[in-house]
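Please read the structure below before turning to the comments.
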Amino acid sequence: MHERYVGKSGVPVSARAGPRLIERRAFLTGAMSTSAVALIGLLPFWAFGQARRAYALAPESVLPADIRRAPADVVEAYRFAIANRDTLRYIPCYCGCGAEGHTSNASCYVKDFSTPGNLVFDRMSLN
């Protein structure tokens, strides 16, 4: 059996501090558990930014030099539009450029008469 330290009052220290230690342990255990749950809950949000893209992008080499010099999100939008023209044709143009002949969201990046071998880019998205 383990010997207990007995304080000046004659009561074992573990018995005197027992409820207080249990409360402290319960608090610390609860705090650690809550922190762990919070961190695990935030993990998907952190990982979202780190995740690999789940959509196709055209190679950057097919873009003209002025589009390649644009901000990264603009370059990515052009690359996405090239690789996903068939999908973007079903999404209406939302930039208000219908008067300029845009028939869909694909038109905001690549002219409708373009072919895969002869891409003609609309530079409206650069502005």
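Labels used: A, B, ... for chains in the order of the structure tokens, numbers from 1 for residues in each chain, and numbers from 1 for ligands as shown.
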Residues within 6 Å of stretch 69-79 of chain A, only C-alpha atoms, excluding chain neighbours under 4 positions, as a PyMOL selection string: chain A and resi 57-58+109
Residues from last step as file, N, CA and C atoms, as an mmCIF file, in the first residue's frame:
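What ended up in part.cif:
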```cif
data_model
loop_
_atom_site.group_PDB
_atom_site.id
_atom_site.type_symbol
_atom_site.label_atom_id
_atom_site.label_comp_id
_atom_site.auth_asym_id
_atom_site.auth_seq_id
_atom_site.Cartn_x
_atom_site.Cartn_y
_atom_site.Cartn_z
ATOM 1 N N LEU A 57 -8.485 21.896 -65.539
ATOM 2 C CA LEU A 57 -7.935 23.177 -65.983
ATOM 3 C C LEU A 57 -7.126 22.939 -67.250
ATOM 4 N N ALA A 58 -7.250 23.853 -68.176
ATOM 5 C CA ALA A 58 -6.425 23.791 -69.382
ATOM 6 C C ALA A 58 -5.004 24.179 -69.007
ATOM 7 N N TYR A 109 -15.039 34.469 -71.484
ATOM 8 C CA TYR A 109 -13.627 34.119 -71.534
ATOM 9 C C TYR A 109 -13.151 33.741 -72.927
#
```
So that I can see what lies close to A:Leu88, please list as a PDB file with all heavy atoms, in the first residue's frame the residues with an atom at most 7 Å from it, counting only C-alpha atoms and leaving out residues fewer than 3 positions away in the same chain.
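Here's the written file out_31.pdb:
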```pdb
ATOM      1  N   ALA A  81     -12.388  27.963 -67.929  1.00  0.00           N
ATOM      2  CA  ALA A  81     -13.333  28.201 -69.029  1.00  0.00           C
ATOM      3  C   ALA A  81     -12.954  27.410 -70.277  1.00  0.00           C
ATOM      4  O   ALA A  81     -13.830  26.878 -70.969  1.00  0.00           O
ATOM      5  CB  ALA A  81     -13.401  29.691 -69.342  1.00  0.00           C
ATOM      6  N   ASN A  84     -13.673  23.659 -69.572  1.00  0.00           N
ATOM      7  CA  ASN A  84     -15.058  23.331 -69.210  1.00  0.00           C
ATOM      8  C   ASN A  84     -16.080  24.145 -70.003  1.00  0.00           C
ATOM      9  O   ASN A  84     -17.151  24.465 -69.498  1.00  0.00           O
ATOM     10  CB  ASN A  84     -15.241  23.570 -67.696  1.00  0.00           C
ATOM     11  CG  ASN A  84     -14.335  22.694 -66.878  1.00  0.00           C
ATOM     12  OD1 ASN A  84     -14.579  21.517 -66.707  1.00  0.00           O
ATOM     13  ND2 ASN A  84     -13.254  23.280 -66.383  1.00  0.00           N
ATOM     14  N   ARG A  85     -15.755  24.456 -71.234  1.00  0.00           N
ATOM     15  CA  ARG A  85     -16.663  25.265 -72.067  1.00  0.00           C
ATOM     16  C   ARG A  85     -18.038  24.651 -72.205  1.00  0.00           C
ATOM     17  O   ARG A  85     -19.051  25.357 -72.171  1.00  0.00           O
ATOM     18  CB  ARG A  85     -16.066  25.467 -73.467  1.00  0.00           C
ATOM     19  CG  ARG A  85     -15.128  26.635 -73.559  1.00  0.00           C
ATOM     20  CD  ARG A  85     -14.526  26.746 -74.928  1.00  0.00           C
ATOM     21  NE  ARG A  85     -15.437  27.428 -75.844  1.00  0.00           N
ATOM     22  CZ  ARG A  85     -15.213  27.548 -77.136  1.00  0.00           C
ATOM     23  NH1 ARG A  85     -14.135  27.048 -77.680  1.00  0.00           N
ATOM     24  NH2 ARG A  85     -16.073  28.177 -77.894  1.00  0.00           N
ATOM     25  N   ILE A  91     -24.527  28.018 -68.322  1.00  0.00           N
ATOM     26  CA  ILE A  91     -24.607  28.992 -67.235  1.00  0.00           C
ATOM     27  C   ILE A  91     -24.716  30.382 -67.855  1.00  0.00           C
ATOM     28  O   ILE A  91     -23.854  30.785 -68.639  1.00  0.00           O
ATOM     29  CB  ILE A  91     -23.377  28.900 -66.320  1.00  0.00           C
ATOM     30  CG1 ILE A  91     -23.294  27.492 -65.726  1.00  0.00           C
ATOM     31  CG2 ILE A  91     -23.426  29.974 -65.224  1.00  0.00           C
ATOM     32  CD1 ILE A  91     -22.028  27.218 -64.959  1.00  0.00           C
ATOM     33  N   SER A 104     -23.351  33.120 -72.893  1.00  0.00           N
ATOM     34  CA  SER A 104     -23.236  32.284 -71.692  1.00  0.00           C
ATOM     35  C   SER A 104     -21.997  32.719 -70.925  1.00  0.00           C
ATOM     36  O   SER A 104     -21.252  33.595 -71.362  1.00  0.00           O
ATOM     37  CB  SER A 104     -23.103  30.811 -72.074  1.00  0.00           C
ATOM     38  OG  SER A 104     -21.855  30.586 -72.715  1.00  0.00           O
ATOM     39  N   ASN A 105     -21.759  32.071 -69.807  1.00  0.00           N
ATOM     40  CA  ASN A 105     -20.569  32.372 -69.023  1.00  0.00           C
ATOM     41  C   ASN A 105     -19.299  32.009 -69.780  1.00  0.00           C
ATOM     42  O   ASN A 105     -18.267  32.659 -69.605  1.00  0.00           O
ATOM     43  CB  ASN A 105     -20.630  31.637 -67.683  1.00  0.00           C
ATOM     44  CG  ASN A 105     -19.600  32.136 -66.719  1.00  0.00           C
ATOM     45  OD1 ASN A 105     -18.618  31.455 -66.465  1.00  0.00           O
ATOM     46  ND2 ASN A 105     -19.815  33.330 -66.186  1.00  0.00           N
ATOM     47  N   ALA A 106     -19.364  31.020 -70.651  1.00  0.00           N
ATOM     48  CA  ALA A 106     -18.193  30.658 -71.459  1.00  0.00           C
ATOM     49  C   ALA A 106     -17.777  31.819 -72.357  1.00  0.00           C
ATOM     50  O   ALA A 106     -16.592  32.036 -72.604  1.00  0.00           O
ATOM     51  CB  ALA A 106     -18.493  29.417 -72.296  1.00  0.00           C
TER      52      ALA A 106
END
```
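Separating atom CA of A:Pro64 from atom CA of A:Gly98 is a distance of 24.1 Å.
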Neighbouring residues of A:Arg123 were defined as those with any atom within 8 Å, considering only C-alpha atoms; residues of the same chain fewer than 2 positions away were excluded. Please report them as a CSV table (one decimal) with C-alpha atoms, in the first residue's frame.
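And here's out.csv as it stands now:
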```csv
chain,number,residue,atom,x,y,z
A,67,ILE,CA,-3.7,36.7,-69.8
A,108,CYS,CA,-16.9,35.9,-71.0
A,109,TYR,CA,-13.6,34.1,-71.5
A,121,PHE,CA,-10.1,35.0,-76.1
A,125,SER,CA,-12.5,39.4,-67.6
A,126,LEU,CA,-9.1,41.1,-67.4
A,127,ASN,CA,-10.6,44.4,-66.4
```
May I ask which of the residues A:Thr103, A:Arg68, A:Asp112, A:Glu60 is the closest one to A:Tyr90, counting only C-alpha atoms?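 Nearest candidate to A:Tyr90 out of A:Thr103, A:Arg68, A:Asp112, A:Glu60: A:Thr103.
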